[in-house]
Amino acid sequence: MKVVIFGCGRTGSTLALQLATRGHKVTIIEQNPAALRRLGRDHNCEVVIGSGLDDDILDRAGVRDADVFFALTRGDNTNLMAAQIVQLRYEVKRVCVKVADPMRSDAYQRLGFFCINPSSLTAGMMRDWLTSEPYAPIDEYNALVKELSL
Amino acid sequence: MYMIIVGGGNVGLHLAKKLISNNHEVLLLERDPRQAQRLAQLIGEENVIVGDGCEMSTQKDSGFERADVVIAVTGEDEDNMVVCQLAKVVWNVKRVLARVNDPAHESLFQQIGIDDTVSATSIIHSLIEQQISPDVMLPVGALARGHLEIVEVEIGHRSPVLGKKIREISLPPKTNLIWILREESGLAVTGDTELRMGDMLVALVSRDHSEELYALFEPDRP
């Protein structure tokens, strides 16, 4: 699969290395060159320096042919905007967005985006670990967000 | 009308001032506490809230639910997008308006239902495109140093110069007619050019003489 990952933070770099090891073609977009050290020295990922909100950069990263796009920067809004650009303008079929704010994550899930809210995921897994329940599918943890009300 | 502005930079501040003076109920949201304090001194405490306008809890506290208009004018397109999108989808705000910093993002905003966008870059670009043909393009600084300005005059049905050739008109001193915008395109001005109804004339004129130019071409100008 051709995978494009926007954001080489802890999540982005770990995912990039795991997917590259499994033989997928991974391109990572990152604004800050210093963050690329997280990939280590011997990695098989392509790297494009710049913003994933910028058409030129997305073109250079080959988003047009991507099977999947991950928006994993630490900015929720940056991720949400990048996701909408690649979904609407580049017609990438599978788009995954990291959204740290639980309520924003819920709102955009209702808009049809596949959002992952790291806090509810971690909290849900810890709860299940504590009570020795089997780990649940990702959507179930994501849905925990909805239990928070405004 | 109740209007919420997100982003307390220069654009947000001056917009808030104007809207307050038009007797609207205005709330300005600013993330940075120190900037918010400064804004409160300028436009009144009751018109400013410290908070991240992208967060739904802040949106709830500031009454997005009953807002007639939500305007997002931060320096970041992604923040403006999220503010407007949540305002429409979650809070059913009828009218949202976003400042778009990168003109390349304008079409995305429209695609996702944010109908009203303002891009200073696009506006300035189109002004330049409309007013100055490339062969007479001047740096704006040079215009100011020479006390010159570029003005537009429209030839209406009562204009005394309607139907006249340029050579038959005695122009004010220090005036250069640059271009005539006629229908879709335009034409360079020569002595033989005849002025027609609806012509938009672009002129380079010394600031001291621009009033005379208007008086000559467009006497009905308000």
# chains A, B, ... in the order shown; residues from 1 in each chain; ligands from 1
>>> residues_around(residues="Asn80 in chain B", least_positions_apart="3", cutoff="9 Å", atoms="only C-alpha atoms", output="VMD selection string")
(chain A and resid 77) or (chain B and resid 6 to 7 54 71 to 77 83 to 85 97 to 100)
>>> write_last_selection(atoms="N, CA and C atoms", output="PDB file, in the first residue's frame")
ATOM      1  N   ASN A  77      -6.509  21.006  14.732  1.00  0.00           N
ATOM      2  CA  ASN A  77      -7.100  21.715  13.596  1.00  0.00           C
ATOM      3  C   ASN A  77      -6.302  21.501  12.321  1.00  0.00           C
TER       4      ASN A  77
ATOM      5  N   VAL B   6     -13.784  35.372  16.624  1.00  0.00           N
ATOM      6  CA  VAL B   6     -12.708  34.553  17.183  1.00  0.00           C
ATOM      7  C   VAL B   6     -11.379  35.037  16.629  1.00  0.00           C
ATOM      8  N   GLY B   7     -10.490  35.427  17.530  1.00  0.00           N
ATOM      9  CA  GLY B   7      -9.167  35.915  17.126  1.00  0.00           C
ATOM     10  C   GLY B   7      -9.022  37.399  17.397  1.00  0.00           C
ATOM     11  N   CYS B  54     -11.740  27.439  19.335  1.00  0.00           N
ATOM     12  CA  CYS B  54     -11.888  26.155  18.647  1.00  0.00           C
ATOM     13  C   CYS B  54     -12.440  25.091  19.581  1.00  0.00           C
ATOM     14  N   ILE B  71     -17.583  34.946  13.287  1.00  0.00           N
ATOM     15  CA  ILE B  71     -16.541  35.393  12.381  1.00  0.00           C
ATOM     16  C   ILE B  71     -15.195  34.911  12.909  1.00  0.00           C
ATOM     17  N   ALA B  72     -14.457  34.170  12.091  1.00  0.00           N
ATOM     18  CA  ALA B  72     -13.156  33.650  12.533  1.00  0.00           C
ATOM     19  C   ALA B  72     -12.047  34.367  11.784  1.00  0.00           C
ATOM     20  N   VAL B  73     -11.247  35.127  12.538  1.00  0.00           N
ATOM     21  CA  VAL B  73     -10.207  35.940  11.886  1.00  0.00           C
ATOM     22  C   VAL B  73      -8.831  35.737  12.518  1.00  0.00           C
ATOM     23  N   THR B  74      -8.532  34.512  12.948  1.00  0.00           N
ATOM     24  CA  THR B  74      -7.187  34.266  13.456  1.00  0.00           C
ATOM     25  C   THR B  74      -6.223  34.209  12.270  1.00  0.00           C
ATOM     26  N   GLY B  75      -4.937  34.135  12.588  1.00  0.00           N
ATOM     27  CA  GLY B  75      -3.933  34.079  11.528  1.00  0.00           C
ATOM     28  C   GLY B  75      -3.743  32.678  10.958  1.00  0.00           C
ATOM     29  N   GLU B  76      -4.473  31.700  11.504  1.00  0.00           N
ATOM     30  CA  GLU B  76      -4.305  30.320  11.050  1.00  0.00           C
ATOM     31  C   GLU B  76      -5.567  29.839  10.347  1.00  0.00           C
ATOM     32  N   ASP B  77      -5.423  29.418   9.102  1.00  0.00           N
ATOM     33  CA  ASP B  77      -6.574  28.952   8.328  1.00  0.00           C
ATOM     34  C   ASP B  77      -7.257  27.748   8.978  1.00  0.00           C
ATOM     35  N   VAL B  83     -13.422  26.574  13.615  1.00  0.00           N
ATOM     36  CA  VAL B  83     -14.397  27.444  14.283  1.00  0.00           C
ATOM     37  C   VAL B  83     -15.683  27.519  13.458  1.00  0.00           C
ATOM     38  N   CYS B  84     -15.537  27.801  12.177  1.00  0.00           N
ATOM     39  CA  CYS B  84     -16.724  27.977  11.335  1.00  0.00           C
ATOM     40  C   CYS B  84     -17.476  26.673  11.114  1.00  0.00           C
ATOM     41  N   GLN B  85     -16.731  25.599  10.940  1.00  0.00           N
ATOM     42  CA  GLN B  85     -17.368  24.311  10.707  1.00  0.00           C
ATOM     43  C   GLN B  85     -18.183  23.879  11.935  1.00  0.00           C
ATOM     44  N   LEU B  97     -18.363  33.440   8.823  1.00  0.00           N
ATOM     45  CA  LEU B  97     -17.446  34.108   7.915  1.00  0.00           C
ATOM     46  C   LEU B  97     -16.011  33.810   8.351  1.00  0.00           C
ATOM     47  N   ALA B  98     -15.179  33.409   7.409  1.00  0.00           N
ATOM     48  CA  ALA B  98     -13.805  33.048   7.765  1.00  0.00           C
ATOM     49  C   ALA B  98     -12.804  33.887   6.998  1.00  0.00           C
ATOM     50  N   ARG B  99     -11.769  34.294   7.738  1.00  0.00           N
ATOM     51  CA  ARG B  99     -10.629  34.894   7.072  1.00  0.00           C
ATOM     52  C   ARG B  99      -9.765  33.751   6.554  1.00  0.00           C
ATOM     53  N   VAL B 100      -9.364  33.856   5.291  1.00  0.00           N
ATOM     54  CA  VAL B 100      -8.507  32.834   4.704  1.00  0.00           C
ATOM     55  C   VAL B 100      -7.171  33.487   4.388  1.00  0.00           C
TER      56      VAL B 100
END
>>> interface_residues(of="chain A", to="chain B", cutoff="10 Å", atoms="only C-alpha atoms", output="ChimeraX atom specification")
/A:53-55,75-82,84-85,88-89,101-104,107-108,110-111,149-150
>>> atom_distance(atom1="CA of Ser119 in chain A", atom2="CA of Gly7 in chain A")
18.4 Å
>>> atom_distance(atom1="CA of Ile116 in chain A", atom2="CA of Ala71 in chain A")
10.2 Å
>>> select_by_dssp(residues="range 52-113 of chain A", states="strand (DSSP E)", output="count of residues only")
9
